[in-house]
>>> print(open('my_file-v7.cif').read())   # mmCIF, C-alpha atoms
data_my_file
loop_
_atom_site.label_atom_id
_atom_site.label_comp_id
_atom_site.auth_asym_id
_atom_site.auth_seq_id
_atom_site.Cartn_x
_atom_site.Cartn_y
_atom_site.Cartn_z
CA MET V 1 14.14 -13.88 -21.46
CA SER V 2 14.08 -10.11 -21.95
CA MET V 3 11.62 -7.79 -23.61
CA PRO V 4 12.40 -4.80 -25.84
CA ALA V 5 11.62 -1.25 -24.81
CA GLY V 6 8.63 0.24 -26.58
CA PRO V 7 7.53 3.84 -27.15
CA GLU V 8 7.55 6.24 -24.19
CA GLY V 9 9.49 3.78 -22.08
CA PHE V 10 6.84 1.08 -21.89
CA ILE V 11 8.08 -2.50 -22.11
CA VAL V 12 6.31 -4.39 -24.88
CA PRO V 13 4.86 -7.69 -23.53
CA PRO V 14 4.83 -10.83 -25.68
CA PRO V 15 1.98 -10.30 -28.17
CA ALA V 16 0.59 -13.81 -27.65
CA LYS V 17 -0.28 -13.36 -24.00
CA PRO V 18 -0.66 -9.72 -22.84
CA ARG V 19 -3.99 -10.41 -21.11
CA ARG V 20 -2.49 -13.36 -19.26
CA ALA V 21 0.36 -11.14 -18.07
CA VAL V 22 -2.07 -8.48 -16.81
CA ILE V 23 -4.21 -11.01 -14.93
CA SER V 24 -1.16 -12.69 -13.40
CA TRP V 25 0.17 -9.31 -12.29
CA ALA V 26 -3.17 -8.36 -10.69
CA LEU V 27 -3.41 -11.73 -8.92
CA TRP V 28 -0.30 -10.85 -6.90
CA ASP V 29 -2.23 -7.88 -5.47
CA TRP V 30 -5.19 -10.19 -4.80
CA GLY V 31 -2.94 -12.54 -2.83
CA SER V 32 -0.89 -9.95 -0.95
CA SER V 33 -4.08 -8.26 0.28
CA ALA V 34 -4.58 -11.14 2.71
CA TYR V 35 -1.43 -10.04 4.53
CA SER V 36 -2.42 -6.38 4.75
CA THR V 37 -6.03 -7.14 5.68
CA ILE V 38 -5.64 -10.02 8.15
CA VAL V 39 -2.14 -9.57 9.55
CA VAL V 40 -1.57 -5.81 9.47
CA THR V 41 -5.02 -4.26 9.89
CA PHE V 42 -8.02 -6.14 11.22
CA VAL V 43 -6.98 -9.38 12.94
CA PHE V 44 -3.42 -10.30 13.92
CA ALA V 45 -2.05 -6.85 14.79
CA PRO V 46 -4.87 -6.19 17.31
CA TYR V 47 -4.33 -9.69 18.73
CA LEU V 48 -0.60 -9.04 19.13
CA ALA V 49 -1.07 -5.61 20.69
CA ASN V 50 -4.00 -6.31 22.99
CA SER V 51 -3.92 -10.04 23.83
CA VAL V 52 -0.24 -10.96 23.58
CA GLY V 53 1.02 -7.57 24.75
CA GLY V 54 -1.75 -5.90 26.71
CA PRO V 55 -1.84 -2.51 28.46
CA GLU V 56 1.53 -3.01 30.21
CA ALA V 57 3.48 -5.30 27.94
CA ALA V 58 7.05 -4.34 28.89
CA PHE V 59 8.96 -1.45 30.49
CA GLY V 60 5.72 0.35 31.25
CA LEU V 61 4.65 0.49 27.61
CA SER V 62 1.58 -1.12 26.10
CA GLY V 63 1.56 -3.72 23.35
CA ALA V 64 0.13 -1.13 20.96
CA THR V 65 3.01 1.22 21.71
CA TRP V 66 5.58 -1.53 21.13
CA LEU V 67 3.89 -2.41 17.85
CA ALA V 68 4.13 1.25 16.81
CA ILE V 69 7.84 1.27 17.73
CA ALA V 70 8.47 -1.88 15.70
CA THR V 71 6.61 -0.39 12.74
CA THR V 72 8.67 2.80 13.02
CA VAL V 73 11.93 0.85 12.95
CA ALA V 74 10.70 -1.02 9.89
CA GLY V 75 9.84 2.31 8.27
CA VAL V 76 13.35 3.63 8.83
CA LEU V 77 14.84 0.54 7.18
CA ILE V 78 12.48 0.89 4.23
CA ALA V 79 13.29 4.58 3.83
CA GLY V 80 17.00 3.85 3.72
CA LEU V 81 17.02 0.76 1.53
CA ALA V 82 14.00 0.87 -0.81
CA PRO V 83 15.40 3.28 -3.44
CA VAL V 84 18.69 1.40 -3.80
CA THR V 85 16.84 -1.92 -3.89
CA GLY V 86 14.71 -0.67 -6.77
CA GLN V 87 17.69 0.85 -8.57
CA ARG V 88 19.69 -2.39 -8.38
CA ALA V 89 16.69 -4.44 -9.54
CA ASP V 90 16.41 -2.17 -12.60
CA ALA V 91 20.14 -2.26 -13.33
CA GLY V 92 20.62 -5.99 -12.87
CA GLY V 93 17.42 -7.07 -14.61
CA HIS V 94 16.14 -8.60 -11.36
CA ARG V 95 12.63 -7.20 -10.86
CA ARG V 96 10.92 -10.57 -11.13
CA ARG V 97 13.60 -12.29 -9.06
CA ASN V 98 13.36 -9.66 -6.33
CA LEU V 99 9.58 -9.86 -6.32
CA GLY V 100 9.82 -13.63 -5.82
CA ILE V 101 12.44 -13.37 -3.06
CA TYR V 102 10.67 -10.69 -1.05
CA SER V 103 7.27 -12.33 -1.47
CA ALA V 104 8.79 -15.56 -0.14
CA LEU V 105 10.26 -13.71 2.86
CA VAL V 106 6.86 -12.18 3.64
CA ILE V 107 5.35 -15.66 3.51
CA VAL V 108 8.03 -17.10 5.81
CA SER V 109 7.59 -14.30 8.36
CA THR V 110 3.82 -14.86 8.26
CA LEU V 111 4.26 -18.59 8.85
CA GLY V 112 6.36 -17.69 11.89
CA LEU V 113 3.41 -15.84 13.43
CA TYR V 114 1.78 -19.22 14.07
CA PHE V 115 4.17 -19.66 17.01
CA VAL V 116 3.11 -16.38 18.69
CA LYS V 117 0.91 -17.63 21.53
CA ASP V 118 -1.36 -15.59 23.76
CA ASP V 119 1.41 -14.87 26.26
CA ALA V 120 3.57 -11.79 26.85
CA ALA V 121 6.68 -13.95 26.45
CA TYR V 122 5.91 -14.20 22.72
CA LEU V 123 5.51 -10.45 22.18
CA TRP V 124 9.07 -9.91 20.96
CA LEU V 125 8.83 -12.73 18.45
CA GLY V 126 5.61 -11.29 17.12
CA LEU V 127 7.04 -7.76 16.89
CA ILE V 128 10.15 -8.92 15.04
CA LEU V 129 8.12 -10.96 12.56
CA MET V 130 5.62 -8.14 11.98
CA ALA V 131 8.40 -5.61 11.42
CA ALA V 132 10.27 -7.96 9.10
CA GLY V 133 7.12 -8.71 7.11
CA SER V 134 6.48 -4.98 6.73
CA VAL V 135 9.97 -4.39 5.33
CA PHE V 136 9.85 -7.34 2.94
CA MET V 137 6.37 -6.43 1.71
CA GLU V 138 7.41 -2.86 0.94
CA PHE V 139 10.45 -4.10 -1.00
CA ALA V 140 8.20 -6.50 -2.91
CA TYR V 141 5.91 -3.62 -3.83
CA VAL V 142 8.85 -1.68 -5.27
CA SER V 143 9.46 -4.39 -7.89
CA TYR V 144 5.74 -5.12 -8.32
CA ASN V 145 4.87 -1.48 -9.03
CA ALA V 146 7.82 -1.16 -11.41
CA MET V 147 6.36 -4.03 -13.46
CA LEU V 148 3.33 -1.86 -14.33
CA HIS V 149 5.11 -0.71 -17.50
CA GLN V 150 5.67 -4.31 -18.53
CA VAL V 151 1.99 -5.30 -18.42
CA SER V 152 0.45 -2.10 -19.83
CA THR V 153 0.68 0.41 -22.67
CA PRO V 154 0.29 4.20 -22.58
CA ALA V 155 -3.37 3.67 -23.52
CA THR V 156 -4.14 1.09 -20.81
CA ILE V 157 -1.89 1.94 -17.88
CA GLY V 158 -4.68 3.58 -15.88
CA ARG V 159 -7.12 0.69 -16.10
CA VAL V 160 -4.34 -1.88 -15.48
CA SER V 161 -3.24 -0.04 -12.35
CA GLY V 162 -6.86 0.20 -11.25
CA LEU V 163 -7.31 -3.50 -11.91
CA GLY V 164 -4.40 -4.26 -9.58
CA TRP V 165 -5.71 -2.10 -6.75
CA GLY V 166 -9.26 -3.32 -7.26
CA SER V 167 -8.12 -6.95 -7.23
CA GLY V 168 -6.33 -6.30 -3.96
CA TYR V 169 -9.48 -4.88 -2.38
CA LEU V 170 -11.60 -7.77 -3.64
CA GLY V 171 -9.07 -10.28 -2.35
CA GLY V 172 -9.21 -8.54 1.02
CA ILE V 173 -13.00 -8.85 1.02
CA VAL V 174 -12.94 -12.58 0.32
CA VAL V 175 -10.28 -13.46 2.87
CA LEU V 176 -11.74 -11.19 5.57
CA LEU V 177 -15.22 -12.65 5.15
CA ALA V 178 -13.85 -16.18 5.23
CA ALA V 179 -11.81 -15.43 8.36
CA PHE V 180 -14.82 -13.91 10.12
CA VAL V 181 -17.31 -16.66 9.22
CA LEU V 182 -15.01 -19.67 9.65
CA PHE V 183 -12.72 -18.67 12.53
CA ILE V 184 -13.50 -15.39 14.31
CA SER V 185 -17.27 -15.44 14.78
CA PRO V 186 -17.96 -19.06 15.89
CA GLU V 187 -16.92 -20.22 19.36
CA VAL V 188 -15.39 -23.31 17.75
CA GLY V 189 -14.14 -22.56 14.27
CA LEU V 190 -13.14 -24.68 11.32
CA PHE V 191 -10.87 -27.65 12.17
CA GLY V 192 -12.01 -27.34 15.81
CA VAL V 193 -10.03 -24.13 16.29
CA THR V 194 -10.75 -22.16 19.48
CA SER V 195 -9.34 -19.07 21.20
CA GLU V 196 -7.08 -21.11 23.50
CA ASP V 197 -3.50 -19.82 23.25
CA GLY V 198 -4.70 -17.50 20.48
CA LEU V 199 -5.02 -20.49 18.16
CA ARG V 200 -7.70 -18.99 15.90
CA TYR V 201 -5.43 -16.01 15.10
CA ARG V 202 -2.33 -18.17 14.66
CA VAL V 203 -4.14 -20.49 12.23
CA LEU V 204 -5.26 -17.47 10.24
CA ALA V 205 -1.59 -16.55 9.82
CA LEU V 206 -1.01 -19.95 8.21
CA ILE V 207 -3.98 -19.45 5.90
CA VAL V 208 -2.70 -16.02 4.87
CA ALA V 209 0.71 -17.53 4.02
CA ILE V 210 -0.87 -20.26 1.89
CA TRP V 211 -3.22 -17.79 0.17
CA PHE V 212 -0.38 -15.42 -0.70
CA THR V 213 1.80 -18.26 -1.99
CA ILE V 214 -0.86 -19.52 -4.39
CA PHE V 215 -1.57 -16.13 -5.96
CA ALA V 216 2.04 -14.90 -6.03
CA ILE V 217 3.18 -17.68 -8.35
CA PRO V 218 1.45 -16.65 -11.66
CA VAL V 219 3.27 -13.31 -12.06
CA LEU V 220 6.61 -15.04 -11.55
CA LEU V 221 5.82 -17.45 -14.39
CA THR V 222 4.22 -15.02 -16.80
CA VAL V 223 5.92 -11.60 -16.72
CA PRO V 224 9.48 -11.76 -18.13
CA GLU V 225 12.50 -9.97 -16.70
CA VAL V 226 13.70 -6.60 -17.99
CA PRO V 227 17.13 -6.53 -19.63
CA PRO V 228 20.06 -5.58 -17.35
CA THR V 229 22.08 -2.41 -17.86
CA GLU V 230 25.81 -1.85 -17.79
CA VAL V 231 25.76 -0.87 -14.09
CA GLY V 232 24.02 -4.04 -12.97
CA LYS V 233 26.96 -5.29 -10.90
CA ALA V 234 27.72 -2.09 -8.96
CA SER V 235 28.49 -2.51 -5.26
CA PHE V 236 25.97 -1.49 -2.61
CA VAL V 237 28.04 1.59 -1.65
CA ALA V 238 28.39 2.51 -5.31
CA SER V 239 24.62 2.14 -5.65
CA TYR V 240 24.09 4.73 -2.90
CA LYS V 241 26.53 7.11 -4.57
CA LYS V 242 24.68 6.64 -7.83
CA LEU V 243 21.37 7.21 -6.05
CA ILE V 244 22.53 10.56 -4.65
CA ALA V 245 23.85 11.60 -8.04
CA ASP V 246 20.63 10.48 -9.72
CA VAL V 247 18.45 12.41 -7.28
CA ARG V 248 20.48 15.55 -7.94
CA THR V 249 20.22 15.00 -11.67
CA LEU V 250 16.51 14.27 -11.34
CA TYR V 251 15.96 17.53 -9.48
CA ARG V 252 17.85 19.53 -12.10
CA SER V 253 16.40 17.85 -15.18
CA ASP V 254 12.98 16.50 -14.17
CA ARG V 255 11.60 18.44 -11.24
CA GLN V 256 8.03 17.40 -12.00
CA VAL V 257 8.91 13.90 -10.79
CA VAL V 258 10.40 15.31 -7.58
CA TRP V 259 7.37 17.52 -6.92
CA PHE V 260 5.02 14.60 -7.52
CA LEU V 261 6.99 12.34 -5.16
CA LEU V 262 6.74 14.97 -2.43
CA ALA V 263 3.09 15.88 -3.03
CA SER V 264 2.01 12.25 -3.18
CA ALA V 265 3.95 11.45 -0.01
CA VAL V 266 1.77 13.97 1.84
CA TYR V 267 -1.64 12.92 0.59
CA ARG V 268 -0.77 9.19 0.63
CA ASP V 269 -0.13 9.54 4.35
CA GLY V 270 -3.64 10.92 4.65
CA LEU V 271 -5.00 7.99 2.64
CA ALA V 272 -3.27 5.54 4.97
CA ALA V 273 -4.71 7.36 7.99
CA VAL V 274 -8.26 6.89 6.67
CA PHE V 275 -7.89 3.13 7.20
CA SER V 276 -5.57 3.33 10.22
CA PHE V 277 -7.93 5.45 12.31
CA GLY V 278 -11.25 4.47 10.73
CA ALA V 279 -11.79 1.48 13.00
CA VAL V 280 -10.81 3.50 16.08
CA LEU V 281 -13.28 6.26 15.27
CA ALA V 282 -16.00 3.77 14.34
CA VAL V 283 -15.99 2.43 17.90
CA SER V 284 -15.07 5.46 20.02
CA VAL V 285 -17.08 8.15 18.20
CA TYR V 286 -19.85 6.51 16.16
CA GLY V 287 -20.75 3.56 18.39
CA LEU V 288 -20.07 0.51 16.18
CA SER V 289 -19.45 -2.85 17.83
CA ALA V 290 -16.37 -4.98 17.14
CA SER V 291 -18.35 -7.26 14.82
CA GLU V 292 -19.82 -4.28 12.99
CA VAL V 293 -16.30 -2.91 12.45
CA VAL V 294 -15.27 -6.15 10.70
CA MET V 295 -18.35 -6.00 8.49
CA PHE V 296 -17.64 -2.35 7.77
CA GLY V 297 -14.14 -3.42 6.74
CA VAL V 298 -15.67 -5.81 4.20
CA ALA V 299 -17.96 -3.11 2.83
CA ALA V 300 -15.08 -0.63 2.77
CA ASN V 301 -13.05 -2.96 0.57
CA VAL V 302 -16.04 -3.41 -1.77
CA VAL V 303 -16.54 0.29 -2.41
CA ALA V 304 -12.77 0.96 -2.57
CA ALA V 305 -12.46 -1.76 -5.22
CA ALA V 306 -15.35 -0.25 -7.19
CA GLY V 307 -13.67 3.14 -7.00
CA ALA V 308 -10.32 1.74 -8.14
CA PHE V 309 -11.85 -0.10 -11.12
CA SER V 310 -13.97 2.81 -12.32
CA GLY V 311 -11.28 5.39 -11.65
CA GLY V 312 -8.77 3.36 -13.66
CA VAL V 313 -11.04 3.24 -16.70
CA LEU V 314 -11.84 6.96 -16.47
CA GLU V 315 -8.17 7.83 -15.98
CA ASP V 316 -7.23 6.63 -19.45
CA ARG V 317 -9.60 9.28 -20.81
CA VAL V 318 -8.94 12.27 -18.54
CA GLY V 319 -5.49 11.56 -17.06
CA PRO V 320 -4.33 10.55 -13.56
CA LYS V 321 -4.00 14.05 -12.12
CA ARG V 322 -7.68 14.86 -12.52
CA ILE V 323 -8.69 11.53 -10.97
CA ILE V 324 -6.41 12.09 -7.96
CA LEU V 325 -7.61 15.69 -7.43
CA LEU V 326 -11.26 14.61 -7.74
CA SER V 327 -10.66 11.80 -5.24
CA LEU V 328 -8.88 14.04 -2.74
CA THR V 329 -11.70 16.57 -2.99
CA GLY V 330 -14.24 13.83 -2.31
CA LEU V 331 -12.20 12.65 0.68
CA VAL V 332 -11.98 16.12 2.22
CA VAL V 333 -15.72 16.73 1.75
CA SER V 334 -16.65 13.34 3.24
CA ALA V 335 -14.30 13.87 6.20
CA THR V 336 -15.82 17.31 6.84
CA VAL V 337 -19.32 15.82 6.94
CA LEU V 338 -18.16 13.10 9.36
CA LEU V 339 -16.69 15.79 11.62
CA PHE V 340 -20.23 17.00 12.38
CA ALA V 341 -22.15 13.70 11.95
CA SER V 342 -23.20 11.33 14.72
CA GLY V 343 -24.36 7.72 15.01
CA PRO V 344 -23.62 4.45 13.20
CA THR V 345 -25.81 5.21 10.18
CA MET V 346 -24.00 8.43 9.31
CA PHE V 347 -20.65 6.68 9.75
CA TRP V 348 -21.67 3.89 7.41
CA ILE V 349 -22.77 6.36 4.74
CA PHE V 350 -19.89 8.82 4.82
CA GLY V 351 -17.26 6.36 6.03
CA LEU V 352 -17.94 4.32 2.92
CA ALA V 353 -17.87 7.53 0.87
CA LEU V 354 -14.33 8.05 2.16
CA CYS V 355 -13.36 4.56 1.10
CA LEU V 356 -14.88 5.06 -2.36
CA TRP V 357 -12.37 7.82 -3.08
CA VAL V 358 -9.33 6.07 -1.58
CA GLY V 359 -9.16 3.38 -4.28
CA PRO V 360 -8.87 5.66 -7.35
CA ALA V 361 -6.46 7.98 -5.55
CA GLN V 362 -4.10 5.08 -4.80
CA ALA V 363 -4.35 3.48 -8.25
CA SER V 364 -3.93 6.72 -10.19
CA SER V 365 -0.96 7.77 -8.04
CA ARG V 366 0.88 4.62 -9.08
CA SER V 367 0.10 5.08 -12.78
CA PHE V 368 0.95 8.81 -12.56
CA LEU V 369 4.49 7.94 -11.49
CA ALA V 370 4.73 5.14 -14.04
CA ARG V 371 3.81 7.63 -16.76
CA LEU V 372 6.46 10.05 -15.53
CA ALA V 373 9.20 7.40 -15.31
CA ARG V 374 11.78 7.06 -18.05
CA PRO V 375 12.94 3.67 -19.40
CA GLN V 376 14.81 1.48 -16.88
CA GLN V 377 14.13 4.03 -14.14
CA GLU V 378 10.86 2.59 -12.83
CA GLY V 379 12.26 0.47 -9.96
CA GLN V 380 14.38 3.29 -8.60
CA LEU V 381 11.51 5.77 -8.78
CA PHE V 382 9.12 3.39 -7.04
CA GLY V 383 11.82 2.89 -4.41
CA LEU V 384 11.84 6.66 -3.91
CA TYR V 385 8.03 6.52 -3.94
CA ALA V 386 8.17 4.15 -0.96
CA THR V 387 10.85 6.23 0.76
CA THR V 388 9.10 9.58 0.48
CA GLY V 389 5.90 8.02 1.75
CA ARG V 390 7.69 6.64 4.80
CA ALA V 391 9.60 9.90 5.36
CA VAL V 392 6.41 11.84 6.15
CA SER V 393 4.41 8.98 7.67
CA PHE V 394 4.22 10.92 10.94
CA LEU V 395 2.11 13.75 9.48
CA ALA V 396 -1.43 12.37 9.63
CA PRO V 397 -0.95 10.42 12.91
CA GLY V 398 0.76 13.44 14.48
CA LEU V 399 -1.95 15.89 13.47
CA PHE V 400 -4.64 13.40 14.48
CA ALA V 401 -3.03 13.19 17.94
CA LEU V 402 -2.60 16.97 18.11
CA PHE V 403 -6.21 17.87 17.35
CA SER V 404 -7.73 15.04 19.37
CA GLY V 405 -5.45 15.86 22.32
CA VAL V 406 -5.92 19.65 22.30
CA PHE V 407 -9.69 19.35 22.03
CA SER V 408 -9.93 16.16 24.15
CA SER V 409 -12.00 14.54 21.42
CA ASP V 410 -11.22 11.69 19.03
CA ARG V 411 -13.68 13.27 16.62
CA MET V 412 -11.46 16.33 16.20
CA GLY V 413 -8.66 14.09 14.96
CA ILE V 414 -10.55 14.03 11.66
CA VAL V 415 -9.44 17.63 11.15
CA GLY V 416 -5.80 16.53 11.13
CA ILE V 417 -6.40 13.88 8.46
CA ALA V 418 -8.43 16.29 6.31
CA LEU V 419 -5.66 18.91 6.50
CA VAL V 420 -3.05 16.43 5.27
CA LEU V 421 -5.26 15.44 2.33
CA LEU V 422 -5.95 19.10 1.50
CA VAL V 423 -2.28 20.13 1.58
CA GLY V 424 -1.36 17.18 -0.65
CA ALA V 425 -4.11 18.14 -3.13
CA VAL V 426 -2.97 21.76 -3.33
CA TRP V 427 0.65 20.67 -3.83
CA LEU V 428 -0.35 18.22 -6.56
CA GLY V 429 -2.16 21.04 -8.35
CA PHE V 430 1.22 22.53 -9.30
CA VAL V 431 2.59 19.27 -10.77
CA GLN V 432 2.52 19.08 -14.57
CA PRO V 433 0.63 15.94 -15.72
CA PRO V 434 2.42 13.36 -17.92
CA SER V 435 0.39 14.15 -21.06
CA ASP V 436 1.42 17.80 -20.89
CA ARG V 437 5.04 16.73 -20.39
CA ARG V 438 4.98 14.62 -23.56
CA THR V 439 3.52 17.53 -25.53
CA THR V 440 6.14 19.86 -24.14
CA ASP V 441 8.97 17.43 -24.83
CA SER V 442 7.81 16.93 -28.44
CA ALA V 443 7.62 20.67 -28.98
CA GLU V 444 11.14 21.14 -27.61
CA VAL V 445 12.50 18.43 -29.93
CA ALA V 446 10.77 19.99 -32.91
#
>>> encode(input="my_file-v7.cif", output="structure tokens")
Amino acid sequence: MSMPAGPEGFIVPPPAKPRRAVISWALWDWGSSAYSTIVVTFVFAPYLANSVGGPEAAFGLSGATWLAIATTVAGVLIAGLAPVTGQRADAGGHRRRNLGIYSALVIVSTLGLYFVKDDAAYLWLGLILMAAGSVFMEFAYVSYNAMLHQVSTPATIGRVSGLGWGSGYLGGIVVLLAAFVLFISPEVGLFGVTSEDGLRYRVLALIVAIWFTIFAIPVLLTVPEVPPTEVGKASFVASYKKLIADVRTLYRSDRQVVWFLLASAVYRDGLAAVFSFGAVLAVSVYGLSASEVVMFGVAANVVAAAGAFSGGVLEDRVGPKRIILLSLTGLVVSATVLLFASGPTMFWIFGLALCLWVGPAQASSRSFLARLARPQQEGQLFGLYATTGRAVSFLAPGLFALFSGVFSSDRMGIVGIALVLLVGAVWLGFVQPPSDRRTTDSAEVA
């Protein structure tokens, strides 16, 4: 079943069930958040790096270093394959199919983590599965983000995008709280699970896989496919040739999209660093305990969800660019205060302030690109969106390491993150917003 293209490139959903389509789409974000929260951020990745790997995991490198290497390899694969994957999904009318396939592969790789015991011999299995899951999840997001046009209209795209991000944060809150109360905190968790052989972490991987499966199904049943185009059966090599030609054409005919992709790649790296280094700084600089860090993670998801929801509603009135610039300004100000603040209380206040601005910045960035995209171009552009983000993913970590190393202080690493956010904000300031583009285009036609 295909849907006709509507005005301004938006795909018109079946009139009988648009709300059902929106909710089903947002539920995928709710379900996938369990993977990013439990597996990638707060629980399984630290277990793999510190317990399975340890300080000298292999060849003189720590488990954390090997995890970083595996993540880097995954990033290279994503950078090379994501744009073509999105382009071919658009051309062949396979967005929904691709979303289902890649979601299933994430689930399978997560199920495999159950076999990663608390022993260095299982490190390589864990690294391979984590890297594979990262690649598959990014490919799934390419198709998922491209579906934003199918479940929204020009008048609702901001709030729908915000609903998706907010649902993801709320899902992360629920699953993280459940994991902490039922498995991490008690000495003997639910089902008699203990820490022996890392069982509590391995069982959580199973729960994540089940959780994701349940909430990934509705979007696959509710949101129809897009119609294929005449180039749907092009070979993989031909797809790369077309990609290069399309990028050249895009640069010549639609440079605002190119500038936005580059600007957003910079500040999105800073957004990722806020969460990546937040837990590290919470412990090493502001004195939070491990349990307090988990609870801060819950609170961080709450305020980020609130920011995403409210920012999405406001965006439909003022436009995505203003929301992103306001959010980046709030992030830089909050980071500057944290640079001079001390103690757990100040971290809780201004650390949560940071998280409040992350949600709307992420949600509005997605809808900004969706507004810029032309019909049947969404998957390819979101593939490029993933690629450009990966291409500069060294910026915030590198500057964090530079400032913290030169000044021998983890606290000074905040300067590096703030600089990345500031540069991205300044660059975005020169990008013409979608509403202005439509006005300009109409004037040119007239």
>>> closest_residue(input="my_file-v7.cif", among="V:Ala273, V:Val181, V:Ala146, V:Val151", to="Leu384 in chain V", atoms="all atoms listed in the file")
V:Ala146
>>> closest_residue(input="my_file-v7.cif", among="V:Val108, V:Val160, V:Val76, V:Val208", to="Ile38 in chain V", atoms="only C-alpha atoms")
V:Val208
>>> axis_aligned_box(input="my_file-v7.cif", around="range 117-121 of chain V", padding_each_side="4 Å", output="JSON")
{"center_x": 2.7, "center_y": -14.7, "center_z": 24.2, "size_x": 16.0, "size_y": 13.8, "size_z": 13.3}
>>> resolve_selection(input="my_file-v7.cif", expression="the PyMOL selection byres ((chain V and resi 278) around 12)", output="number ranges by chain")
V: 41-42, 270-277, 279-286, 288, 293-294, 296-297, 300, 335, 338, 347-348, 350-352, 354-355, 400, 410-411, 413-414, 417
>>> residues_around(input="my_file-v7.cif", residues="Ala21 in chain V", least_positions_apart="6", cutoff="8 Å", atoms="all atoms listed in the file", output="list in words")
Pro13, Val151, Val219, Thr222 and Val223 of chain V
>>> resolve_selection(input="my_file-v7.cif", expression="the PyMOL selection byres ((chain V and resi 366-370) around 7)", output="PyMOL selection string")
chain V and resi 149+157-158+161+320+362-365+371-373+378
>>> residues_around(input="my_file-v7.cif", residues="range 104-106 of chain V", least_positions_apart="4", cutoff="7 Å", atoms="all atoms listed in the file", output="PyMOL selection string")
chain V and resi 100+110+133+136-137
>>> closest_residue(input="my_file-v7.cif", among="V:Ala304, V:Ala265, V:Val415, V:Met295", to="Leu402 in chain V", atoms="all atoms listed in the file")
V:Val415
>>> closest_residue(input="my_file-v7.cif", among="V:Phe260, V:Tyr385, V:Trp211, V:Trp124", to="Val174 in chain V", atoms="all atoms listed in the file")
V:Trp211
>>> build_atoms(input="my_file-v7.cif", residues="range 397-409 of chain V", atoms="N, CA and C atoms", output="PDB file, in the coordinates of the input")
ATOM      1  N   PRO V 397      -0.818  10.844  11.511  1.00  0.00           N
ATOM      2  CA  PRO V 397      -0.950  10.420  12.910  1.00  0.00           C
ATOM      3  C   PRO V 397      -0.642  11.545  13.891  1.00  0.00           C
ATOM      4  N   GLY V 398       0.394  12.350  13.579  1.00  0.00           N
ATOM      5  CA  GLY V 398       0.760  13.440  14.480  1.00  0.00           C
ATOM      6  C   GLY V 398      -0.321  14.496  14.582  1.00  0.00           C
ATOM      7  N   LEU V 399      -0.889  14.886  13.441  1.00  0.00           N
ATOM      8  CA  LEU V 399      -1.950  15.890  13.470  1.00  0.00           C
ATOM      9  C   LEU V 399      -3.236  15.324  14.066  1.00  0.00           C
ATOM     10  N   PHE V 400      -3.491  14.045  13.832  1.00  0.00           N
ATOM     11  CA  PHE V 400      -4.640  13.400  14.480  1.00  0.00           C
ATOM     12  C   PHE V 400      -4.489  13.494  15.998  1.00  0.00           C
ATOM     13  N   ALA V 401      -3.289  13.132  16.495  1.00  0.00           N
ATOM     14  CA  ALA V 401      -3.030  13.190  17.940  1.00  0.00           C
ATOM     15  C   ALA V 401      -3.114  14.617  18.459  1.00  0.00           C
ATOM     16  N   LEU V 402      -2.593  15.570  17.684  1.00  0.00           N
ATOM     17  CA  LEU V 402      -2.600  16.970  18.110  1.00  0.00           C
ATOM     18  C   LEU V 402      -4.023  17.496  18.288  1.00  0.00           C
ATOM     19  N   PHE V 403      -4.849  17.324  17.278  1.00  0.00           N
ATOM     20  CA  PHE V 403      -6.210  17.870  17.350  1.00  0.00           C
ATOM     21  C   PHE V 403      -7.066  17.115  18.361  1.00  0.00           C
ATOM     22  N   SER V 404      -6.928  15.789  18.397  1.00  0.00           N
ATOM     23  CA  SER V 404      -7.730  15.040  19.370  1.00  0.00           C
ATOM     24  C   SER V 404      -7.276  15.330  20.789  1.00  0.00           C
ATOM     25  N   GLY V 405      -5.958  15.559  20.983  1.00  0.00           N
ATOM     26  CA  GLY V 405      -5.450  15.860  22.320  1.00  0.00           C
ATOM     27  C   GLY V 405      -5.798  17.255  22.787  1.00  0.00           C
ATOM     28  N   VAL V 406      -5.628  18.253  21.932  1.00  0.00           N
ATOM     29  CA  VAL V 406      -5.920  19.650  22.300  1.00  0.00           C
ATOM     30  C   VAL V 406      -7.390  19.832  22.615  1.00  0.00           C
ATOM     31  N   PHE V 407      -8.253  19.192  21.836  1.00  0.00           N
ATOM     32  CA  PHE V 407      -9.690  19.350  22.030  1.00  0.00           C
ATOM     33  C   PHE V 407     -10.309  18.228  22.861  1.00  0.00           C
ATOM     34  N   SER V 408      -9.457  17.291  23.334  1.00  0.00           N
ATOM     35  CA  SER V 408      -9.930  16.160  24.150  1.00  0.00           C
ATOM     36  C   SER V 408     -11.088  15.421  23.477  1.00  0.00           C
ATOM     37  N   SER V 409     -10.934  15.192  22.192  1.00  0.00           N
ATOM     38  CA  SER V 409     -12.000  14.540  21.420  1.00  0.00           C
ATOM     39  C   SER V 409     -11.397  13.785  20.251  1.00  0.00           C
TER      40      SER V 409
END
